[in-house]
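Okay, structure.cif now, which holds mmCIF, C-alpha atoms:
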data_protein
#
loop_
_atom_site.label_atom_id
_atom_site.label_comp_id
_atom_site.auth_asym_id
_atom_site.auth_seq_id
_atom_site.Cartn_x
_atom_site.Cartn_y
_atom_site.Cartn_z
CA MET P 1 -122.10 110.87 -185.72
CA GLU P 2 -122.21 112.35 -189.21
CA GLU P 3 -125.00 111.69 -191.69
CA THR P 4 -124.60 109.21 -194.51
CA GLY P 5 -122.85 110.81 -197.44
CA THR P 6 -121.74 114.07 -195.79
CA ALA P 7 -118.19 115.26 -196.21
CA SER P 8 -115.96 115.18 -193.15
CA THR P 9 -113.21 117.66 -192.35
CA HIS P 10 -110.66 115.39 -194.06
CA GLY P 11 -112.46 115.29 -197.39
CA HIS P 12 -113.74 111.74 -196.88
CA VAL P 13 -117.38 110.84 -197.05
CA ALA P 14 -118.55 109.66 -193.63
CA ARG P 15 -120.76 106.62 -193.72
CA HIS P 16 -123.39 105.74 -191.17
CA HIS P 17 -123.54 101.99 -190.75
CA ASP P 18 -126.89 100.34 -190.21
CA ARG P 19 -126.24 98.54 -186.93
CA GLY P 20 -129.37 96.44 -187.39
CA LEU P 21 -128.17 95.03 -190.71
CA VAL P 22 -124.68 94.42 -189.36
CA ALA P 23 -126.05 92.67 -186.25
CA ILE P 24 -128.34 90.45 -188.33
CA GLY P 25 -125.43 89.72 -190.68
CA VAL P 26 -123.18 88.68 -187.81
CA LEU P 27 -125.92 86.39 -186.46
CA LYS P 28 -126.28 84.82 -189.92
CA LEU P 29 -122.52 84.21 -190.00
CA ILE P 30 -122.66 82.58 -186.57
CA GLU P 31 -125.48 80.37 -187.86
CA ALA P 32 -123.31 79.49 -190.86
CA VAL P 33 -120.48 78.35 -188.59
CA PHE P 34 -122.94 76.25 -186.59
CA PHE P 35 -124.32 74.56 -189.73
CA VAL P 36 -120.83 73.90 -191.11
CA LEU P 37 -119.98 72.18 -187.83
CA VAL P 38 -123.20 70.17 -187.99
CA GLY P 39 -122.41 69.20 -191.59
CA VAL P 40 -118.91 68.08 -190.64
CA GLY P 41 -120.38 66.06 -187.77
CA VAL P 42 -122.92 64.41 -190.07
CA ILE P 43 -120.25 63.53 -192.63
CA HIS P 44 -118.07 62.17 -189.81
CA PHE P 45 -120.77 59.64 -188.89
CA ILE P 46 -121.23 58.18 -192.39
CA HIS P 47 -120.52 54.42 -192.21
CA ARG P 48 -120.41 54.46 -188.40
CA ASP P 49 -122.75 52.96 -185.85
CA LEU P 50 -124.94 55.89 -184.80
CA GLY P 51 -126.58 53.91 -182.00
CA GLU P 52 -123.22 53.13 -180.44
CA ALA P 53 -122.17 56.77 -180.73
CA ALA P 54 -125.42 57.86 -179.03
CA LEU P 55 -124.83 55.41 -176.19
CA LYS P 56 -121.27 56.73 -175.71
CA LEU P 57 -122.60 60.30 -175.67
CA ALA P 58 -125.27 59.32 -173.13
CA GLY P 59 -122.53 57.86 -170.93
CA ARG P 60 -120.44 61.04 -171.17
CA LEU P 61 -123.49 63.13 -170.29
CA ARG P 62 -124.31 60.77 -167.41
CA VAL P 63 -127.73 59.96 -168.88
CA ASP P 64 -129.22 56.55 -168.15
CA PRO P 65 -128.47 54.47 -171.31
CA ASP P 66 -131.48 52.26 -170.53
CA GLY P 67 -133.84 55.22 -170.15
CA ARG P 68 -136.75 55.98 -172.48
CA LEU P 69 -135.10 58.96 -174.17
CA VAL P 70 -131.86 57.18 -175.04
CA SER P 71 -133.75 54.07 -176.17
CA TRP P 72 -136.00 56.20 -178.40
CA VAL P 73 -132.99 58.01 -179.91
CA VAL P 74 -131.08 54.77 -180.55
CA ASP P 75 -134.15 53.15 -182.15
CA HIS P 76 -134.58 56.09 -184.53
CA LEU P 77 -130.87 56.37 -185.34
CA ASP P 78 -130.87 52.78 -186.58
CA ASP P 79 -133.19 53.88 -189.40
CA ILE P 80 -130.71 56.44 -190.76
CA THR P 81 -128.67 55.08 -193.67
CA ALA P 82 -125.32 56.31 -194.99
CA HIS P 83 -127.14 57.66 -198.06
CA ARG P 84 -129.51 59.64 -195.82
CA LEU P 85 -126.56 61.04 -193.86
CA LYS P 86 -124.97 62.19 -197.12
CA GLN P 87 -128.22 63.94 -198.07
CA ILE P 88 -128.40 65.61 -194.66
CA GLY P 89 -124.75 66.68 -194.97
CA VAL P 90 -125.23 68.19 -198.43
CA PHE P 91 -128.36 70.05 -197.33
CA THR P 92 -126.61 71.31 -194.20
CA PHE P 93 -123.64 72.66 -196.19
CA PHE P 94 -126.02 74.26 -198.71
CA TYR P 95 -127.90 75.92 -195.85
CA ALA P 96 -124.60 77.11 -194.33
CA GLY P 97 -123.67 78.60 -197.71
CA LEU P 98 -126.99 80.45 -197.83
CA ARG P 99 -126.30 81.82 -194.35
CA VAL P 100 -122.80 82.94 -195.42
CA ALA P 101 -124.25 84.78 -198.44
CA GLU P 102 -126.88 86.45 -196.25
CA GLY P 103 -124.39 87.30 -193.51
CA VAL P 104 -121.66 88.73 -195.71
CA GLY P 105 -124.17 90.66 -197.80
CA LEU P 106 -125.89 92.13 -194.74
CA VAL P 107 -122.61 93.08 -193.06
CA MET P 108 -121.67 94.83 -196.31
CA GLU P 109 -125.17 96.42 -196.23
CA LYS P 110 -126.14 95.16 -199.68
CA VAL P 111 -129.79 95.50 -200.72
CA TRP P 112 -129.69 92.13 -202.51
CA ALA P 113 -128.80 90.51 -199.19
CA GLU P 114 -131.80 92.09 -197.52
CA HIS P 115 -134.03 90.69 -200.28
CA LEU P 116 -132.34 87.28 -200.05
CA THR P 117 -132.79 87.18 -196.27
CA VAL P 118 -136.43 88.27 -196.50
CA GLY P 119 -137.06 85.51 -199.06
CA ALA P 120 -135.19 82.80 -197.16
CA THR P 121 -136.82 83.73 -193.87
CA THR P 122 -140.30 83.85 -195.40
CA ILE P 123 -139.89 80.46 -197.08
CA PHE P 124 -139.17 78.74 -193.75
CA LEU P 125 -141.97 80.41 -191.73
CA PRO P 126 -144.70 77.87 -192.63
CA TRP P 127 -142.43 75.02 -191.54
CA GLU P 128 -141.61 76.81 -188.27
CA ILE P 129 -145.30 77.41 -187.55
CA TYR P 130 -146.12 73.78 -188.38
CA GLU P 131 -143.43 72.62 -185.97
CA ILE P 132 -144.82 74.86 -183.21
CA VAL P 133 -148.34 73.54 -183.78
CA LYS P 134 -147.02 69.97 -183.77
CA HIS P 135 -144.74 70.36 -180.72
CA LEU P 136 -145.20 73.58 -178.79
CA ASP P 137 -142.12 74.57 -176.79
CA TRP P 138 -140.44 77.82 -175.84
CA VAL P 139 -137.35 77.26 -178.04
CA ARG P 140 -139.44 76.99 -181.22
CA VAL P 141 -141.55 80.00 -180.22
CA CYS P 142 -138.44 82.09 -179.47
CA LEU P 143 -136.87 81.14 -182.82
CA LEU P 144 -140.07 82.08 -184.64
CA LEU P 145 -140.24 85.41 -182.80
CA ALA P 146 -136.58 86.11 -183.61
CA ASN P 147 -137.15 85.34 -187.29
CA LEU P 148 -140.29 87.51 -187.36
CA THR P 149 -138.33 90.36 -185.75
CA VAL P 150 -135.56 90.04 -188.35
CA LEU P 151 -138.15 89.89 -191.13
CA ALA P 152 -140.01 92.95 -189.82
CA TYR P 153 -136.78 94.94 -189.52
CA LEU P 154 -135.62 94.05 -193.02
CA VAL P 155 -139.02 94.82 -194.61
CA TRP P 156 -139.16 98.12 -192.72
CA ASN P 157 -135.61 98.98 -193.81
CA LEU P 158 -136.31 98.13 -197.46
CA ARG P 159 -139.49 100.25 -197.47
CA ARG P 160 -137.69 103.12 -195.74
CA ARG P 161 -134.94 103.02 -198.31
CA ARG P 162 -137.43 102.86 -201.19
CA ARG P 163 -139.32 105.88 -199.83
CA ALA P 164 -136.06 107.81 -199.39
CA GLY P 165 -135.08 107.01 -202.98
CA ARG P 166 -138.35 108.45 -204.30
CA MET P 167 -137.99 111.69 -202.41
CA PRO P 168 -136.95 114.69 -204.54
CA ALA P 169 -133.30 115.69 -204.27
CA LYS P 170 -132.65 118.73 -202.06
#
Could you quickly redo this structure as structure tokens?
Amino acid sequence: MEETGTASTHGHVARHHDRGLVAIGVLKLIEAVFFVLVGVGVIHFIHRDLGEAALKLAGRLRVDPDGRLVSWVVDHLDDITAHRLKQIGVFTFFYAGLRVAEGVGLVMEKVWAEHLTVGATTIFLPWEIYEIVKHLDWVRVCLLLANLTVLAYLVWNLRRRRRAGRMPAK
């Protein structure tokens, strides 16, 4: 593989792609698709009986509709208003848009996207830690570790690039 910025035999400048940035960008785009689907689902349930929908889902999943889990879910779903669903939908679409910006920018290897992703990831870390302290489970811990790994890679990459930019030209 040729170095970044070196001329190839055809007169083109070969470009080394940062596989880490591209991989993180693709993951952010997958997250965006997920959150768009969640947003569409939330909007779909505005002005519908959420409890009834949960009971139907429990039946399809062959979960006891009279069990504690289903009863707890149905009791809590009754508290969600159409206005609250609209708020959740708007937030979910906003979050998906943020993920699209991060993903596209990282796939295109833009420095602004690295900064945006570092900022967005850092902002949510206290909430993630709070959730782990409140309800410790392996899914939350794995998500936190994944976000810390992404954050560490991006900070390392930004520092590496900054150091390379300060080096005298050869």
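When the distance limit is 8 Å and all atoms listed in the file are what count, the residues near region 146-156 of chain P, minus those fewer than 6 positions from it on the same chain, are Gly20, Leu21, Ile24, Glu114, Thr117, Val118, Thr121 and Thr122 of chain P.
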*asked:* List the spatial neighbours of Ile43 (chain P) as a ChimeraX atom specification - criterion: any atom at most 8 Å away, all atoms listed in the file, same-chain residues fewer than 3 positions off excluded.
replied: /P:39-40,46,85-86,89
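With CA of Gly25 (chain P) on one side and CA of Val104 (chain P) on the other, the separation reads 6.4 Å.
Note that CA of Leu116 (chain P) and CA of Val22 (chain P) are 15.0 Å apart.
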Please report, as AutoDock Vina command-line options, the centre and edge lengths in Å to one decimal of an axis-aligned box covering all listed atoms of region 145-154 of chain P with 8 Å per side.
--center_x -137.9 --center_y 90.1 --center_z -187.9 --size_x 20.7 --size_y 25.6 --size_z 26.2
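Interatomic distance, CA of Ala82 (chain P) to CA of Lys56 (chain P): 19.7 Å.
Counting all atoms listed in the file, the residue from P:Val107, P:Leu98, P:Val38, P:Cys142 that sits nearest to His17 (chain P) is P:Val107.
With only C-alpha atoms as the atoms that count, the residue of P:Met108, P:Leu125, P:Leu158, P:Ala32 with the shortest distance to Tyr95 (chain P) is P:Ala32.
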*Any chance you could work out the residue set of the PyMOL selection byres ((chain P and resi 70) around 12) here, as a PyMOL selection string?*
chain P and resi 51-59+61-69+71-77
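Proximity to Phe91 (chain P) was assessed for P:Val42, P:Val26, P:Ile123, P:Leu145 counting all atoms listed in the file; the smallest distance is recorded for P:Val42.
For the set P:Glu31, P:Glu109, P:Glu131, P:Asp137, the residue with the smallest atom-to-atom gap to Asn157 (chain P) is P:Glu109, counting only C-alpha atoms.
In terms of minimum interatomic distance to Pro126 (chain P), P:Leu144 ranks closest within P:Glu102, P:Gly165, P:His44, P:Leu144, counting all atoms listed in the file.
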